[in-house]
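**Student:** Once you've had a glance at the structure underneath, I'll fire off some questions.
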Amino acid sequence: MDRSLALLGLMSAGPTHGYDLKSRYDAIFGAARTIAYGQIYATLSRMIRDGLIEQIGQEPGSGPDRKRYAVTDAGRTRLASWLREPDTPSPTLQSNLFAKTILALVLDDDADALLDIQRHAHLARMRELTTAKAGAPLLDRLAIDYALFQIEADLRWIDLTSARLTDMRKEVRRHG
Amino acid sequence: MADPIITATGLTKSFGPTQALRGIDLSVERGEVLAVMGPSGSGKSTLVHCLAGVISPDSGSVVLDGTDLTALSPDQRAKVRLQRIGFVFQFGQLLPDLTATDNVALPLLMAGRSRRAANTQAIAWLDRLGLGDHADKSPGSMSGGQAQRVAIARALVTRPAVLFADEPTGSLDSVSSESVLGAMLEVVREAGTTVVLITHDARTAAYADREVIVRDGLLSGAYAPVPA
């Protein structure tokens with residue numbers, strides 16, 4: 001999962017501080033690994049440099065926790081583009097797609113649409129493999145079958161996730 | 001160049017308070033193999049029944065090979081189905097006491113062909129589907145995969161413009177399923193038959209040229225490409 005984009009997605013829900021951002025990230029994506037403050041602030045600096053977010057104010061006092069950040073138009077465009085970009089079937093897919101799906105729910109975006117985009121990308125790859133399989137030697141066919149089953153497993157996860165979106169939306173709001 | 005054999009426009013259909021189709025536009029090209037996917041209750045079967053003239057939509061039109069199915073009476077639609085549409089289902093479609101040849105010859109006999117001509121064509125189709133040596137067997141004595149090949153031969157023997165295949169390998173194991181789908185696709189592509197393949201199985205859908213996904217009575221997948 002691309003953590004910078006996940007953070008950008010969480011920030012798109014509304015202006016936030018670094019501290020709030022960490023709490024929200026850990027609540028939603030931190031099951032496997034929480035994010036360190038160091039990485040939050042490094043990412044925020046990089047996103048400011050790239051014009052994806054901007055500082056919109058600072059509460060009295062000192063320290064990085066006092067700064068408030070908001071996503072710029074360029075940041076929103078970058079996020080929308082990433083959310084709708086299907087991932088190549090691979091072992092890292094699940095975590096990326098998981099992040100996109102959750103962010104779509106956080107942002108009230110069409111999570112079903114994201115999952116369908118990924119379905120079509122997966123089916124396109126399965127189609128290529130199925131075509132390649134016809135007439136291939138047996139050992140090559142076995143290797144292709146292995147790839148097909150891997151992609152199919154992703155698709156089953158997508159189907160299940162799609163069927164659970166209503167419950168997931170409630171769960172995500174509970175962390176909101 | 002676009003040459004649609006099926007053009008469905010603005011299809012809606014309700015069953016009581018349930019809106020099964022909520023405005024579907026779909027075009028299927030001549031010779032195309034299209035997979036129709038979607039979860040249970042999505043409207044997938046209703047859509048396919050409308051496309052095949054089994055039921056009439058509440059509004060919208062279906063033009064199949066130049067004929068507006070929605071302008072026909074149920075009897076006229078039945079005639080179109082007999083002459084221009086083939087159906088393959090998951091199971092239960094063959095007459096178990098007849099031989100494979102008799103099963104395949106049946107639609108031709110119903111259309112008024114002579115027994116001799118019907119049998120000759122039936123045997124030729126069984127042969128194309130790799131069942132040349134099984135023509136005299138009854139479906140009850142065949143494997144599931146062989147029986148599905150007989151069903152496919154029977155659906156294709158009238159040379160339909162469109163074949164609707166509803167989970168045609170849903171009751172088969174992976175190896176038989178692959179072999180039946182491979183055989184079916186080979187003969188339909190050779191004959192230039194358009195196929196609408198209804199399935200929830202991704203491996204089956206991967207044999208199609210493209211897929212559409214039905215969700216909540218609408219087609220999904222009509223999304224703008226990602227900006228570069």
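As shown in the structure tokens, the chain order sets the letters A, B, ...; within each chain, residues go from 1, and ligands are also counted from 1 in the order they appear.
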List every residue of range 79-201 of chain B that DSSP, applied to the backbone of this structure, assigns to alpha helix (DSSP H), and report them as a ChimeraX atom specification.
**Tutor:** /B:79-84,100-110,115-128,144-156,174-191
**Student:** Please identify every residue of chain A that has at least one atom no more than 7 Å from any atom of chain B, counting only C-alpha atoms, and report them as a list in words.
**Tutor:**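 That gives the following set of residues: Ser81, Arg84, Glu85, Asp116, Ile117, Leu123, Met126, Arg127, Thr130 and Glu152 of chain A.
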**Student:** Need to verify the contact set: Tyr19 in chain A, 12 Å, only C-alpha atoms, exclusion of same-chain residues closer than 6 positions in sequence. Can you return it as a ChimeraX atom specification?
**Tutor:** /A:11,25-26,35-41,44,63-69
**Student:** Could you write those residues out with N, CA and C atoms, as a PDB file, in the first residue's frame?
**Tutor:**
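Done, and the output landed in result-v2.pdb:
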ATOM      1  N   MET A  11      -6.722  12.876   4.591  1.00  0.00           N
ATOM      2  CA  MET A  11      -6.756  14.336   4.732  1.00  0.00           C
ATOM      3  C   MET A  11      -7.844  14.951   3.867  1.00  0.00           C
ATOM      4  N   TYR A  25      -5.159   7.174  10.828  1.00  0.00           N
ATOM      5  CA  TYR A  25      -4.438   6.163  10.030  1.00  0.00           C
ATOM      6  C   TYR A  25      -4.339   4.863  10.824  1.00  0.00           C
ATOM      7  N   ASP A  26      -3.925   4.962  12.054  1.00  0.00           N
ATOM      8  CA  ASP A  26      -3.739   3.746  12.872  1.00  0.00           C
ATOM      9  C   ASP A  26      -5.068   3.025  13.103  1.00  0.00           C
ATOM     10  N   ILE A  35       1.705   3.731  11.936  1.00  0.00           N
ATOM     11  CA  ILE A  35       2.634   4.635  11.259  1.00  0.00           C
ATOM     12  C   ILE A  35       3.331   5.506  12.313  1.00  0.00           C
ATOM     13  N   ALA A  36       4.626   5.780  12.087  1.00  0.00           N
ATOM     14  CA  ALA A  36       5.393   6.573  13.057  1.00  0.00           C
ATOM     15  C   ALA A  36       5.171   8.061  12.778  1.00  0.00           C
ATOM     16  N   TYR A  37       5.245   8.879  13.863  1.00  0.00           N
ATOM     17  CA  TYR A  37       5.121  10.329  13.663  1.00  0.00           C
ATOM     18  C   TYR A  37       6.126  10.825  12.633  1.00  0.00           C
ATOM     19  N   GLY A  38       7.326  10.273  12.708  1.00  0.00           N
ATOM     20  CA  GLY A  38       8.390  10.709  11.788  1.00  0.00           C
ATOM     21  C   GLY A  38       7.944  10.580  10.340  1.00  0.00           C
ATOM     22  N   GLN A  39       7.291   9.475  10.063  1.00  0.00           N
ATOM     23  CA  GLN A  39       6.866   9.255   8.674  1.00  0.00           C
ATOM     24  C   GLN A  39       5.705  10.192   8.296  1.00  0.00           C
ATOM     25  N   ILE A  40       4.829  10.454   9.276  1.00  0.00           N
ATOM     26  CA  ILE A  40       3.724  11.390   9.019  1.00  0.00           C
ATOM     27  C   ILE A  40       4.301  12.751   8.611  1.00  0.00           C
ATOM     28  N   TYR A  41       5.238  13.271   9.431  1.00  0.00           N
ATOM     29  CA  TYR A  41       5.723  14.627   9.143  1.00  0.00           C
ATOM     30  C   TYR A  41       6.601  14.677   7.905  1.00  0.00           C
ATOM     31  N   LEU A  44       4.112  14.722   5.118  1.00  0.00           N
ATOM     32  CA  LEU A  44       3.452  16.030   5.006  1.00  0.00           C
ATOM     33  C   LEU A  44       4.378  17.042   4.310  1.00  0.00           C
ATOM     34  N   GLY A  63       5.657  23.571  17.732  1.00  0.00           N
ATOM     35  CA  GLY A  63       5.691  22.139  17.432  1.00  0.00           C
ATOM     36  C   GLY A  63       4.836  21.800  16.226  1.00  0.00           C
ATOM     37  N   PRO A  64       5.190  20.742  15.563  1.00  0.00           N
ATOM     38  CA  PRO A  64       4.516  20.371  14.312  1.00  0.00           C
ATOM     39  C   PRO A  64       3.045  20.002  14.505  1.00  0.00           C
ATOM     40  N   ASP A  65       2.668  19.556  15.722  1.00  0.00           N
ATOM     41  CA  ASP A  65       1.285  19.146  15.956  1.00  0.00           C
ATOM     42  C   ASP A  65       0.300  20.299  15.868  1.00  0.00           C
ATOM     43  N   ARG A  66       0.791  21.515  15.906  1.00  0.00           N
ATOM     44  CA  ARG A  66      -0.097  22.682  15.927  1.00  0.00           C
ATOM     45  C   ARG A  66      -0.507  23.110  14.520  1.00  0.00           C
ATOM     46  N   LYS A  67       0.127  22.586  13.528  1.00  0.00           N
ATOM     47  CA  LYS A  67      -0.174  23.050  12.159  1.00  0.00           C
ATOM     48  C   LYS A  67      -1.352  22.297  11.584  1.00  0.00           C
ATOM     49  N   ARG A  68      -2.207  23.057  10.870  1.00  0.00           N
ATOM     50  CA  ARG A  68      -3.329  22.412  10.192  1.00  0.00           C
ATOM     51  C   ARG A  68      -3.070  22.381   8.698  1.00  0.00           C
ATOM     52  N   TYR A  69      -3.446  21.252   8.103  1.00  0.00           N
ATOM     53  CA  TYR A  69      -3.174  21.080   6.670  1.00  0.00           C
ATOM     54  C   TYR A  69      -4.475  20.785   5.931  1.00  0.00           C
TER      55      TYR A  69
END
**Student:** Any idea what's packed within 6 Å of range 101-113 of chain B, counting only C-alpha atoms, ignoring anything in its chain fewer than 6 positions away? Could you give it as a PyMOL selection string?
**Tutor:** chain B and resi 119+122+135+154
